[in-house]
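Peer 1: Structure: run_3.cif, mmCIF, N, CA and C atoms.
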```cif
data_target
loop_
_atom_site.label_atom_id
_atom_site.label_comp_id
_atom_site.auth_asym_id
_atom_site.auth_seq_id
_atom_site.Cartn_x
_atom_site.Cartn_y
_atom_site.Cartn_z
N MET A 202 62.20 78.76 -7.14
CA MET A 202 61.72 77.67 -7.92
C MET A 202 62.06 76.33 -7.34
N THR A 203 63.14 76.33 -6.66
CA THR A 203 63.54 75.08 -6.06
C THR A 203 62.52 74.65 -5.03
N LYS A 204 61.92 75.61 -4.34
CA LYS A 204 60.89 75.24 -3.39
C LYS A 204 59.71 74.61 -4.11
N LEU A 205 59.35 75.15 -5.20
CA LEU A 205 58.24 74.63 -5.97
C LEU A 205 58.58 73.25 -6.53
N THR A 206 59.70 73.10 -6.99
CA THR A 206 60.11 71.85 -7.57
C THR A 206 60.17 70.78 -6.48
N LYS A 207 60.73 71.22 -5.31
CA LYS A 207 60.77 70.23 -4.22
C LYS A 207 59.36 69.85 -3.82
N ALA A 208 58.51 70.82 -3.76
CA ALA A 208 57.11 70.56 -3.39
C ALA A 208 56.46 69.71 -4.47
N GLN A 209 56.80 70.00 -5.72
CA GLN A 209 56.25 69.21 -6.81
C GLN A 209 56.83 67.80 -6.77
N GLU A 210 58.10 67.71 -6.49
CA GLU A 210 58.72 66.39 -6.41
C GLU A 210 58.11 65.60 -5.26
N GLU A 211 57.91 66.29 -4.17
CA GLU A 211 57.31 65.64 -3.00
C GLU A 211 55.89 65.19 -3.35
N ALA A 212 55.17 66.04 -4.04
CA ALA A 212 53.81 65.72 -4.43
C ALA A 212 53.82 64.55 -5.42
N GLN A 213 54.77 64.58 -6.36
CA GLN A 213 54.88 63.48 -7.33
C GLN A 213 55.26 62.19 -6.62
N LYS A 214 56.15 62.30 -5.65
CA LYS A 214 56.58 61.12 -4.90
C LYS A 214 55.39 60.54 -4.14
N GLN A 215 54.65 61.40 -3.47
CA GLN A 215 53.47 60.95 -2.72
C GLN A 215 52.44 60.33 -3.68
N HIS A 216 52.27 61.01 -4.82
CA HIS A 216 51.32 60.51 -5.82
C HIS A 216 51.75 59.13 -6.31
N LYS A 217 53.06 58.99 -6.58
CA LYS A 217 53.60 57.72 -7.05
C LYS A 217 53.41 56.64 -6.00
N GLU A 218 53.66 56.99 -4.73
CA GLU A 218 53.48 56.02 -3.64
C GLU A 218 52.00 55.62 -3.52
N GLN A 219 51.13 56.61 -3.64
CA GLN A 219 49.69 56.34 -3.55
C GLN A 219 49.24 55.44 -4.71
N VAL A 220 49.78 55.73 -5.92
CA VAL A 220 49.42 54.91 -7.09
C VAL A 220 49.92 53.50 -6.88
N GLU A 221 51.16 53.33 -6.38
CA GLU A 221 51.71 51.99 -6.13
C GLU A 221 50.89 51.28 -5.06
N LYS A 222 50.58 52.02 -4.00
CA LYS A 222 49.77 51.43 -2.93
C LYS A 222 48.41 51.03 -3.48
N ALA A 223 47.80 51.88 -4.29
CA ALA A 223 46.50 51.59 -4.89
C ALA A 223 46.60 50.39 -5.82
N ASN A 224 47.69 50.32 -6.61
CA ASN A 224 47.89 49.18 -7.51
C ASN A 224 48.06 47.88 -6.72
N LYS A 225 48.82 47.97 -5.62
CA LYS A 225 49.03 46.80 -4.77
C LYS A 225 47.70 46.34 -4.18
N GLN A 226 46.93 47.28 -3.66
CA GLN A 226 45.61 46.94 -3.10
C GLN A 226 44.70 46.36 -4.19
N ASN A 227 44.79 46.95 -5.37
CA ASN A 227 43.98 46.47 -6.49
C ASN A 227 44.34 45.04 -6.83
N GLU A 228 45.66 44.74 -6.86
CA GLU A 228 46.11 43.37 -7.14
C GLU A 228 45.59 42.41 -6.07
N GLU A 229 45.72 42.82 -4.81
CA GLU A 229 45.24 41.98 -3.71
C GLU A 229 43.72 41.76 -3.84
N LEU A 230 43.02 42.83 -4.13
CA LEU A 230 41.56 42.71 -4.30
C LEU A 230 41.23 41.82 -5.50
N GLN A 231 42.00 41.94 -6.57
CA GLN A 231 41.80 41.09 -7.75
C GLN A 231 42.03 39.63 -7.40
N LYS A 232 43.08 39.35 -6.61
CA LYS A 232 43.36 37.98 -6.17
C LYS A 232 42.20 37.45 -5.32
N LYS A 233 41.77 38.28 -4.37
CA LYS A 233 40.66 37.86 -3.50
C LYS A 233 39.40 37.65 -4.33
N LEU A 234 39.14 38.53 -5.29
CA LEU A 234 37.97 38.39 -6.15
C LEU A 234 38.06 37.10 -6.96
N THR A 235 39.27 36.78 -7.45
CA THR A 235 39.47 35.54 -8.20
C THR A 235 39.20 34.34 -7.30
N GLU A 236 39.72 34.38 -6.08
CA GLU A 236 39.49 33.28 -5.13
C GLU A 236 38.00 33.13 -4.82
N ILE A 237 37.35 34.26 -4.59
CA ILE A 237 35.91 34.23 -4.29
C ILE A 237 35.14 33.69 -5.49
N THR A 238 35.52 34.12 -6.69
CA THR A 238 34.86 33.64 -7.91
C THR A 238 35.04 32.14 -8.06
N LYS A 239 36.28 31.66 -7.84
CA LYS A 239 36.53 30.21 -7.94
C LYS A 239 35.73 29.46 -6.88
N ALA A 240 35.72 29.99 -5.67
CA ALA A 240 34.96 29.35 -4.59
C ALA A 240 33.48 29.33 -4.94
N ASN A 241 33.01 30.44 -5.49
CA ASN A 241 31.60 30.52 -5.90
C ASN A 241 31.29 29.52 -7.00
N GLU A 242 32.20 29.41 -7.98
CA GLU A 242 32.01 28.45 -9.06
C GLU A 242 31.99 27.03 -8.51
N ALA A 243 32.89 26.74 -7.59
CA ALA A 243 32.94 25.40 -6.97
C ALA A 243 31.64 25.15 -6.20
N ALA A 244 31.19 26.17 -5.47
CA ALA A 244 29.95 26.02 -4.71
C ALA A 244 28.76 25.81 -5.66
N GLN A 245 28.73 26.56 -6.75
CA GLN A 245 27.65 26.39 -7.72
C GLN A 245 27.70 25.00 -8.36
N LYS A 246 28.90 24.54 -8.64
CA LYS A 246 29.06 23.20 -9.23
C LYS A 246 28.57 22.14 -8.24
N ALA A 247 28.99 22.28 -6.97
CA ALA A 247 28.55 21.33 -5.94
C ALA A 247 27.03 21.41 -5.78
N HIS A 248 26.50 22.61 -5.79
CA HIS A 248 25.06 22.80 -5.67
C HIS A 248 24.33 22.13 -6.85
N THR A 249 24.88 22.33 -8.05
CA THR A 249 24.28 21.72 -9.24
C THR A 249 24.31 20.20 -9.14
N GLU A 250 25.44 19.66 -8.68
CA GLU A 250 25.55 18.21 -8.51
C GLU A 250 24.55 17.71 -7.48
N GLN A 251 24.47 18.42 -6.35
CA GLN A 251 23.52 18.02 -5.30
C GLN A 251 22.09 18.10 -5.82
N LEU A 252 21.80 19.16 -6.56
CA LEU A 252 20.47 19.32 -7.12
C LEU A 252 20.17 18.17 -8.08
N GLY A 253 21.16 17.80 -8.89
CA GLY A 253 20.98 16.66 -9.80
C GLY A 253 20.71 15.37 -9.04
N LYS A 254 21.48 15.16 -7.97
CA LYS A 254 21.28 13.95 -7.16
C LYS A 254 19.90 13.96 -6.51
N LEU A 255 19.52 15.12 -5.98
CA LEU A 255 18.21 15.23 -5.34
C LEU A 255 17.08 15.00 -6.34
N GLN A 256 17.26 15.54 -7.55
CA GLN A 256 16.24 15.33 -8.57
C GLN A 256 16.16 13.86 -8.95
N ALA A 257 17.31 13.19 -9.03
CA ALA A 257 17.33 11.75 -9.35
C ALA A 257 16.65 10.96 -8.22
N GLN A 258 16.95 11.34 -6.96
CA GLN A 258 16.31 10.67 -5.83
C GLN A 258 14.80 10.90 -5.85
N LEU A 259 14.41 12.13 -6.11
CA LEU A 259 12.99 12.46 -6.17
C LEU A 259 12.30 11.66 -7.27
N LYS A 260 12.96 11.56 -8.41
CA LYS A 260 12.39 10.78 -9.51
C LYS A 260 12.24 9.32 -9.12
N ALA A 261 13.29 8.77 -8.48
CA ALA A 261 13.25 7.37 -8.05
C ALA A 261 12.14 7.16 -7.01
N GLN A 262 12.04 8.10 -6.07
CA GLN A 262 11.00 7.98 -5.05
C GLN A 262 9.61 8.11 -5.66
N THR A 263 9.47 9.00 -6.62
CA THR A 263 8.18 9.17 -7.29
C THR A 263 7.81 7.90 -8.04
N GLU A 264 8.78 7.34 -8.75
CA GLU A 264 8.52 6.09 -9.48
C GLU A 264 8.17 4.96 -8.52
N ALA A 265 8.91 4.87 -7.40
CA ALA A 265 8.62 3.83 -6.41
C ALA A 265 7.23 4.04 -5.82
N SER A 266 6.90 5.28 -5.52
CA SER A 266 5.58 5.58 -4.96
C SER A 266 4.48 5.23 -5.95
N THR A 267 4.71 5.57 -7.21
CA THR A 267 3.72 5.25 -8.24
C THR A 267 3.56 3.74 -8.37
N ARG A 268 4.69 3.03 -8.36
CA ARG A 268 4.65 1.57 -8.47
C ARG A 268 3.92 0.97 -7.26
N GLN A 269 4.23 1.48 -6.06
CA GLN A 269 3.57 0.96 -4.86
C GLN A 269 2.08 1.25 -4.89
N SER A 270 1.72 2.45 -5.35
CA SER A 270 0.30 2.79 -5.44
C SER A 270 -0.41 1.87 -6.41
N LYS A 271 0.25 1.60 -7.53
CA LYS A 271 -0.34 0.70 -8.52
C LYS A 271 -0.49 -0.70 -7.95
N GLU A 272 0.56 -1.19 -7.28
CA GLU A 272 0.50 -2.53 -6.68
C GLU A 272 -0.57 -2.59 -5.60
N PHE A 273 -0.66 -1.52 -4.81
CA PHE A 273 -1.68 -1.48 -3.76
C PHE A 273 -3.07 -1.50 -4.39
N GLY A 274 -3.24 -0.72 -5.46
CA GLY A 274 -4.54 -0.70 -6.15
C GLY A 274 -4.90 -2.07 -6.70
N GLU A 275 -3.91 -2.75 -7.29
CA GLU A 275 -4.15 -4.08 -7.83
C GLU A 275 -4.48 -5.07 -6.71
N SER A 276 -3.74 -4.97 -5.61
CA SER A 276 -4.00 -5.86 -4.47
C SER A 276 -5.39 -5.61 -3.90
N LEU A 277 -5.74 -4.34 -3.79
CA LEU A 277 -7.06 -3.99 -3.27
C LEU A 277 -8.15 -4.51 -4.19
N LYS A 278 -7.94 -4.38 -5.50
CA LYS A 278 -8.91 -4.89 -6.47
C LYS A 278 -9.07 -6.40 -6.34
N LYS A 279 -7.92 -7.11 -6.21
CA LYS A 279 -7.98 -8.57 -6.05
C LYS A 279 -8.70 -8.95 -4.75
N MET A 280 -8.42 -8.19 -3.69
CA MET A 280 -9.08 -8.48 -2.42
C MET A 280 -10.58 -8.24 -2.54
N GLN A 281 -10.98 -7.18 -3.25
CA GLN A 281 -12.40 -6.91 -3.42
C GLN A 281 -13.06 -8.00 -4.25
N GLU A 282 -12.36 -8.47 -5.29
CA GLU A 282 -12.90 -9.56 -6.11
C GLU A 282 -13.04 -10.83 -5.27
N THR A 283 -12.00 -11.13 -4.49
CA THR A 283 -12.05 -12.31 -3.62
C THR A 283 -13.18 -12.18 -2.61
N ASN A 284 -13.33 -10.97 -2.05
CA ASN A 284 -14.41 -10.73 -1.09
C ASN A 284 -15.77 -10.94 -1.75
N GLY A 285 -15.91 -10.48 -3.00
CA GLY A 285 -17.17 -10.70 -3.73
C GLY A 285 -17.44 -12.18 -3.93
N GLU A 286 -16.38 -12.91 -4.31
CA GLU A 286 -16.54 -14.36 -4.50
C GLU A 286 -16.89 -15.05 -3.19
N LEU A 287 -16.25 -14.61 -2.11
CA LEU A 287 -16.56 -15.19 -0.80
C LEU A 287 -18.00 -14.90 -0.39
N ASN A 288 -18.46 -13.69 -0.70
CA ASN A 288 -19.85 -13.35 -0.38
C ASN A 288 -20.82 -14.22 -1.18
N LYS A 289 -20.50 -14.45 -2.47
CA LYS A 289 -21.35 -15.33 -3.28
C LYS A 289 -21.35 -16.74 -2.71
N SER A 290 -20.16 -17.23 -2.33
CA SER A 290 -20.07 -18.58 -1.74
C SER A 290 -20.86 -18.64 -0.44
N LEU A 291 -20.75 -17.59 0.36
CA LEU A 291 -21.49 -17.54 1.62
C LEU A 291 -22.99 -17.56 1.37
N GLN A 292 -23.43 -16.83 0.35
CA GLN A 292 -24.86 -16.84 0.02
C GLN A 292 -25.31 -18.22 -0.42
N ARG A 293 -24.47 -18.88 -1.26
CA ARG A 293 -24.82 -20.25 -1.69
C ARG A 293 -24.87 -21.20 -0.49
N LEU A 294 -23.87 -21.09 0.40
CA LEU A 294 -23.84 -21.96 1.58
C LEU A 294 -25.03 -21.68 2.50
N THR A 295 -25.38 -20.41 2.62
CA THR A 295 -26.53 -20.06 3.45
C THR A 295 -27.81 -20.65 2.87
N THR A 296 -27.92 -20.56 1.56
CA THR A 296 -29.10 -21.14 0.89
C THR A 296 -29.11 -22.66 1.08
N GLN A 297 -27.95 -23.29 0.91
CA GLN A 297 -27.87 -24.75 1.10
C GLN A 297 -28.18 -25.12 2.55
N ASN A 298 -27.66 -24.32 3.48
CA ASN A 298 -27.89 -24.58 4.90
C ASN A 298 -29.38 -24.44 5.23
N THR A 299 -30.01 -23.41 4.65
CA THR A 299 -31.44 -23.22 4.88
C THR A 299 -32.22 -24.40 4.32
N GLN A 300 -31.85 -24.84 3.12
CA GLN A 300 -32.52 -25.99 2.52
C GLN A 300 -32.30 -27.26 3.36
N ALA A 301 -31.04 -27.43 3.83
CA ALA A 301 -30.74 -28.60 4.66
C ALA A 301 -31.55 -28.56 5.96
N ALA A 302 -31.70 -27.36 6.53
CA ALA A 302 -32.51 -27.24 7.75
C ALA A 302 -33.97 -27.59 7.47
N LYS A 303 -34.49 -27.15 6.33
CA LYS A 303 -35.87 -27.50 5.96
C LYS A 303 -36.01 -29.00 5.77
N ASP A 304 -35.02 -29.58 5.04
CA ASP A 304 -35.06 -31.02 4.81
C ASP A 304 -34.99 -31.80 6.12
N LEU A 305 -34.14 -31.33 7.03
CA LEU A 305 -34.03 -32.00 8.33
C LEU A 305 -35.33 -31.90 9.11
N GLN A 306 -35.95 -30.71 9.05
CA GLN A 306 -37.23 -30.55 9.76
C GLN A 306 -38.28 -31.45 9.15
N GLU A 307 -38.30 -31.56 7.82
CA GLU A 307 -39.24 -32.46 7.16
C GLU A 307 -38.97 -33.91 7.56
N ALA A 308 -37.67 -34.26 7.66
CA ALA A 308 -37.31 -35.62 8.05
C ALA A 308 -37.76 -35.90 9.48
N LYS A 309 -37.58 -34.89 10.36
CA LYS A 309 -38.03 -35.07 11.75
C LYS A 309 -39.54 -35.23 11.80
N ASP A 310 -40.24 -34.39 11.03
CA ASP A 310 -41.71 -34.48 11.00
C ASP A 310 -42.13 -35.85 10.47
N ARG A 311 -41.46 -36.28 9.41
CA ARG A 311 -41.80 -37.59 8.83
C ARG A 311 -41.47 -38.71 9.81
N ALA A 312 -40.36 -38.58 10.55
CA ALA A 312 -40.00 -39.59 11.53
C ALA A 312 -41.05 -39.65 12.64
N ARG A 313 -41.54 -38.46 13.07
CA ARG A 313 -42.61 -38.44 14.10
C ARG A 313 -43.87 -39.12 13.58
N ASP A 314 -44.19 -38.78 12.31
CA ASP A 314 -45.37 -39.41 11.72
C ASP A 314 -45.21 -40.93 11.68
N LEU A 315 -44.02 -41.38 11.28
CA LEU A 315 -43.78 -42.82 11.21
C LEU A 315 -43.81 -43.45 12.60
N GLU A 316 -43.27 -42.73 13.61
CA GLU A 316 -43.31 -43.24 14.98
C GLU A 316 -44.75 -43.36 15.45
N LYS A 317 -45.55 -42.35 15.11
CA LYS A 317 -46.97 -42.40 15.50
C LYS A 317 -47.66 -43.57 14.82
N GLN A 318 -47.36 -43.72 13.54
CA GLN A 318 -47.97 -44.84 12.81
C GLN A 318 -47.54 -46.17 13.41
N LEU A 319 -46.29 -46.25 13.81
CA LEU A 319 -45.77 -47.47 14.42
C LEU A 319 -46.45 -47.73 15.75
N GLU A 320 -46.57 -46.64 16.55
CA GLU A 320 -47.25 -46.79 17.84
C GLU A 320 -48.69 -47.24 17.65
N GLU A 321 -49.37 -46.62 16.68
CA GLU A 321 -50.76 -47.00 16.41
C GLU A 321 -50.86 -48.45 15.94
N ALA A 322 -49.89 -48.81 15.12
CA ALA A 322 -49.91 -50.19 14.62
C ALA A 322 -49.67 -51.16 15.77
N LEU A 323 -48.76 -50.79 16.70
CA LEU A 323 -48.49 -51.66 17.84
C LEU A 323 -49.69 -51.70 18.78
N LYS A 324 -50.36 -50.56 18.95
CA LYS A 324 -51.54 -50.52 19.82
C LYS A 324 -52.66 -51.36 19.24
N LYS A 325 -52.78 -51.35 17.96
CA LYS A 325 -53.85 -52.10 17.30
C LYS A 325 -53.51 -53.59 17.25
N GLY A 326 -52.33 -53.89 17.68
CA GLY A 326 -51.95 -55.30 17.72
C GLY A 326 -51.57 -55.82 16.35
N GLY A 327 -51.01 -54.93 15.54
CA GLY A 327 -50.60 -55.33 14.19
C GLY A 327 -49.42 -56.29 14.25
N SER A 328 -49.16 -56.87 13.15
CA SER A 328 -48.10 -57.86 13.11
C SER A 328 -46.74 -57.20 13.18
N ASN A 329 -45.77 -57.99 13.49
CA ASN A 329 -44.39 -57.50 13.57
C ASN A 329 -43.89 -57.05 12.20
N LEU A 330 -44.50 -57.54 11.16
CA LEU A 330 -44.08 -57.18 9.81
C LEU A 330 -44.20 -55.68 9.58
N TRP A 331 -45.33 -55.09 9.99
CA TRP A 331 -45.52 -53.64 9.81
C TRP A 331 -44.52 -52.84 10.64
N MET A 332 -44.22 -53.36 11.80
CA MET A 332 -43.25 -52.68 12.64
C MET A 332 -41.88 -52.65 11.96
N TRP A 333 -41.48 -53.76 11.40
CA TRP A 333 -40.18 -53.81 10.72
C TRP A 333 -40.18 -52.94 9.46
N ILE A 334 -41.27 -52.92 8.78
CA ILE A 334 -41.36 -52.07 7.57
C ILE A 334 -41.23 -50.61 7.97
N ALA A 335 -41.88 -50.22 9.06
CA ALA A 335 -41.82 -48.83 9.51
C ALA A 335 -40.40 -48.46 9.95
N ILE A 336 -39.76 -49.36 10.68
CA ILE A 336 -38.38 -49.10 11.14
C ILE A 336 -37.44 -48.97 9.93
N ILE A 337 -37.59 -49.88 8.98
CA ILE A 337 -36.75 -49.84 7.78
C ILE A 337 -37.01 -48.54 7.00
N ALA A 338 -38.28 -48.14 6.93
CA ALA A 338 -38.63 -46.91 6.20
C ALA A 338 -37.98 -45.69 6.88
N VAL A 339 -38.01 -45.65 8.22
CA VAL A 339 -37.40 -44.53 8.95
C VAL A 339 -35.89 -44.52 8.70
N ILE A 340 -35.27 -45.69 8.79
CA ILE A 340 -33.82 -45.77 8.58
C ILE A 340 -33.48 -45.37 7.14
N ALA A 341 -34.24 -45.85 6.17
CA ALA A 341 -33.99 -45.52 4.77
C ALA A 341 -34.18 -44.03 4.53
N PHE A 342 -35.21 -43.48 5.17
CA PHE A 342 -35.47 -42.04 4.99
C PHE A 342 -34.30 -41.21 5.52
N PHE A 343 -33.82 -41.52 6.74
CA PHE A 343 -32.67 -40.77 7.29
C PHE A 343 -31.40 -40.99 6.46
N ALA A 344 -31.21 -42.21 5.99
CA ALA A 344 -30.04 -42.51 5.18
C ALA A 344 -30.08 -41.69 3.89
N ALA A 345 -31.26 -41.66 3.27
CA ALA A 345 -31.41 -40.89 2.02
C ALA A 345 -31.19 -39.39 2.28
N LEU A 346 -31.66 -38.92 3.39
CA LEU A 346 -31.52 -37.51 3.74
C LEU A 346 -30.05 -37.12 3.93
N PHE A 347 -29.31 -37.93 4.62
CA PHE A 347 -27.92 -37.60 4.91
C PHE A 347 -26.96 -37.97 3.78
N MET A 348 -27.43 -38.71 2.79
CA MET A 348 -26.58 -39.08 1.65
C MET A 348 -26.58 -38.01 0.58
N ARG A 349 -27.41 -37.04 0.71
CA ARG A 349 -27.50 -35.98 -0.30
C ARG A 349 -26.22 -35.27 -0.45
#
```
Do you think you could lay out the structure here as structure tokens?

Peer 2:
Amino acid sequence: MTKLTKAQEEAQKQHKEQVEKANKQNEELQKKLTEITKANEAAQKAHTEQLGKLQAQLKAQTEASTRQSKEFGESLKKMQETNGELNKSLQRLTTQNTQAAKDLQEAKDRARDLEKQLEEALKKGGSNLWMWIAIIAVIAFFAALFMR
């Protein structure tokens, strides 16, 4: 029986050592698991903070982009309105220029007619009075034309 008991004692001793070793390993693993869990929680917290910051930045950038788009749209609208007004002014100036060119051509034609009349009057030996009247009429006509 002593052999059995020694064998049993040896088996119990080995079992006890294995249980202690297993408990020690379990404690170490529990510590490592706790460390990993804490590290994971810290990483998740940091990730959440970064995500919050990124979302805030994205929101700010979106708002800035929206504001810039709105300002650009308003500027573009103002430029288009100004361009329309400039086109209207250009059309008015073109019309005025065309009218001025017609008036100038009429004045030139009238001046030629008056010059011809003056030449004819001089050829016919008319008095100097008609010549002065014609010259004054030409001067008055040009003055009236350019005073408009």

Peer 1: Report, in Å to a single decimal, how far apart atom C of Ala247 (chain A) and atom C of Ser266 (chain A) are.

Peer 2: 27.8 Å

Peer 1: Enter the distance from CA of Gln269 (chain A) to CA of Glu250 (chain A), in Å, rounded to one decimal.

Peer 2: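 According to the coordinates, CA of Gln269 (chain A) and CA of Glu250 (chain A) are separated by 28.2 Å.
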
Peer 1: Please measure the separation of atom N of Thr296 (chain A) and atom N of Leu346 (chain A), giving the value in Å to one decimal.

Peer 2: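 Between these atoms lies a distance of 18.8 Å.
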
Peer 1: Out of A:Glu282, A:Ala243, A:Ala335, A:Lys271, which residue has the shortest atom-to-atom distance to Gln318 (chain A) when counting only C-alpha atoms?

Peer 2: A:Ala335

Peer 1: With only C-alpha atoms as the counted atoms, please give the residues lying no more than 12 Å from region 308-310 of chain A, apart from itself and same-chain residues fewer than 4 positions off, as a list in words.

Peer 2: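 Near region 308-310 of chain A, the qualifying residues are Ala301, Ala302, Lys303, Asp304, Asp314, Leu315, Glu316, Lys317, Ala338, Val339, Ile340, Ala341, Phe342, Phe343, Ala344, Ala345, Leu346 and Phe347 of chain A.
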
Peer 1: Just the selected residues (N, CA and C atoms), exported as a JSON list (two decimals), in the frame of the given file, please.

Peer 2:
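Below is the file that was written, out.json:
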```json
[["chain", "number", "residue", "atom", "x", "y", "z"],
["A", 301, "ALA", "N", -31.04, -27.43, 3.83],
["A", 301, "ALA", "CA", -30.74, -28.60, 4.66],
["A", 301, "ALA", "C", -31.55, -28.56, 5.96],
["A", 302, "ALA", "N", -31.70, -27.36, 6.53],
["A", 302, "ALA", "CA", -32.51, -27.24, 7.75],
["A", 302, "ALA", "C", -33.97, -27.59, 7.47],
["A", 303, "LYS", "N", -34.49, -27.15, 6.33],
["A", 303, "LYS", "CA", -35.87, -27.50, 5.96],
["A", 303, "LYS", "C", -36.01, -29.00, 5.77],
["A", 304, "ASP", "N", -35.02, -29.58, 5.04],
["A", 304, "ASP", "CA", -35.06, -31.02, 4.81],
["A", 304, "ASP", "C", -34.99, -31.80, 6.12],
["A", 314, "ASP", "N", -44.19, -38.78, 12.31],
["A", 314, "ASP", "CA", -45.37, -39.41, 11.72],
["A", 314, "ASP", "C", -45.21, -40.93, 11.68],
["A", 315, "LEU", "N", -44.02, -41.38, 11.28],
["A", 315, "LEU", "CA", -43.78, -42.82, 11.21],
["A", 315, "LEU", "C", -43.81, -43.45, 12.60],
["A", 316, "GLU", "N", -43.27, -42.73, 13.61],
["A", 316, "GLU", "CA", -43.31, -43.24, 14.98],
["A", 316, "GLU", "C", -44.75, -43.36, 15.45],
["A", 317, "LYS", "N", -45.55, -42.35, 15.11],
["A", 317, "LYS", "CA", -46.97, -42.40, 15.50],
["A", 317, "LYS", "C", -47.66, -43.57, 14.82],
["A", 338, "ALA", "N", -38.28, -48.14, 6.93],
["A", 338, "ALA", "CA", -38.63, -46.91, 6.20],
["A", 338, "ALA", "C", -37.98, -45.69, 6.88],
["A", 339, "VAL", "N", -38.01, -45.65, 8.22],
["A", 339, "VAL", "CA", -37.40, -44.53, 8.95],
["A", 339, "VAL", "C", -35.89, -44.52, 8.70],
["A", 340, "ILE", "N", -35.27, -45.69, 8.79],
["A", 340, "ILE", "CA", -33.82, -45.77, 8.58],
["A", 340, "ILE", "C", -33.48, -45.37, 7.14],
["A", 341, "ALA", "N", -34.24, -45.85, 6.17],
["A", 341, "ALA", "CA", -33.99, -45.52, 4.77],
["A", 341, "ALA", "C", -34.18, -44.03, 4.53],
["A", 342, "PHE", "N", -35.21, -43.48, 5.17],
["A", 342, "PHE", "CA", -35.47, -42.04, 4.99],
["A", 342, "PHE", "C", -34.30, -41.21, 5.52],
["A", 343, "PHE", "N", -33.82, -41.52, 6.74],
["A", 343, "PHE", "CA", -32.67, -40.77, 7.29],
["A", 343, "PHE", "C", -31.40, -40.99, 6.46],
["A", 344, "ALA", "N", -31.21, -42.21, 5.99],
["A", 344, "ALA", "CA", -30.04, -42.51, 5.18],
["A", 344, "ALA", "C", -30.08, -41.69, 3.89],
["A", 345, "ALA", "N", -31.26, -41.66, 3.27],
["A", 345, "ALA", "CA", -31.41, -40.89, 2.02],
["A", 345, "ALA", "C", -31.19, -39.39, 2.28],
["A", 346, "LEU", "N", -31.66, -38.92, 3.39],
["A", 346, "LEU", "CA", -31.52, -37.51, 3.74],
["A", 346, "LEU", "C", -30.05, -37.12, 3.93],
["A", 347, "PHE", "N", -29.31, -37.93, 4.62],
["A", 347, "PHE", "CA", -27.92, -37.60, 4.91],
["A", 347, "PHE", "C", -26.96, -37.97, 3.78]]
```
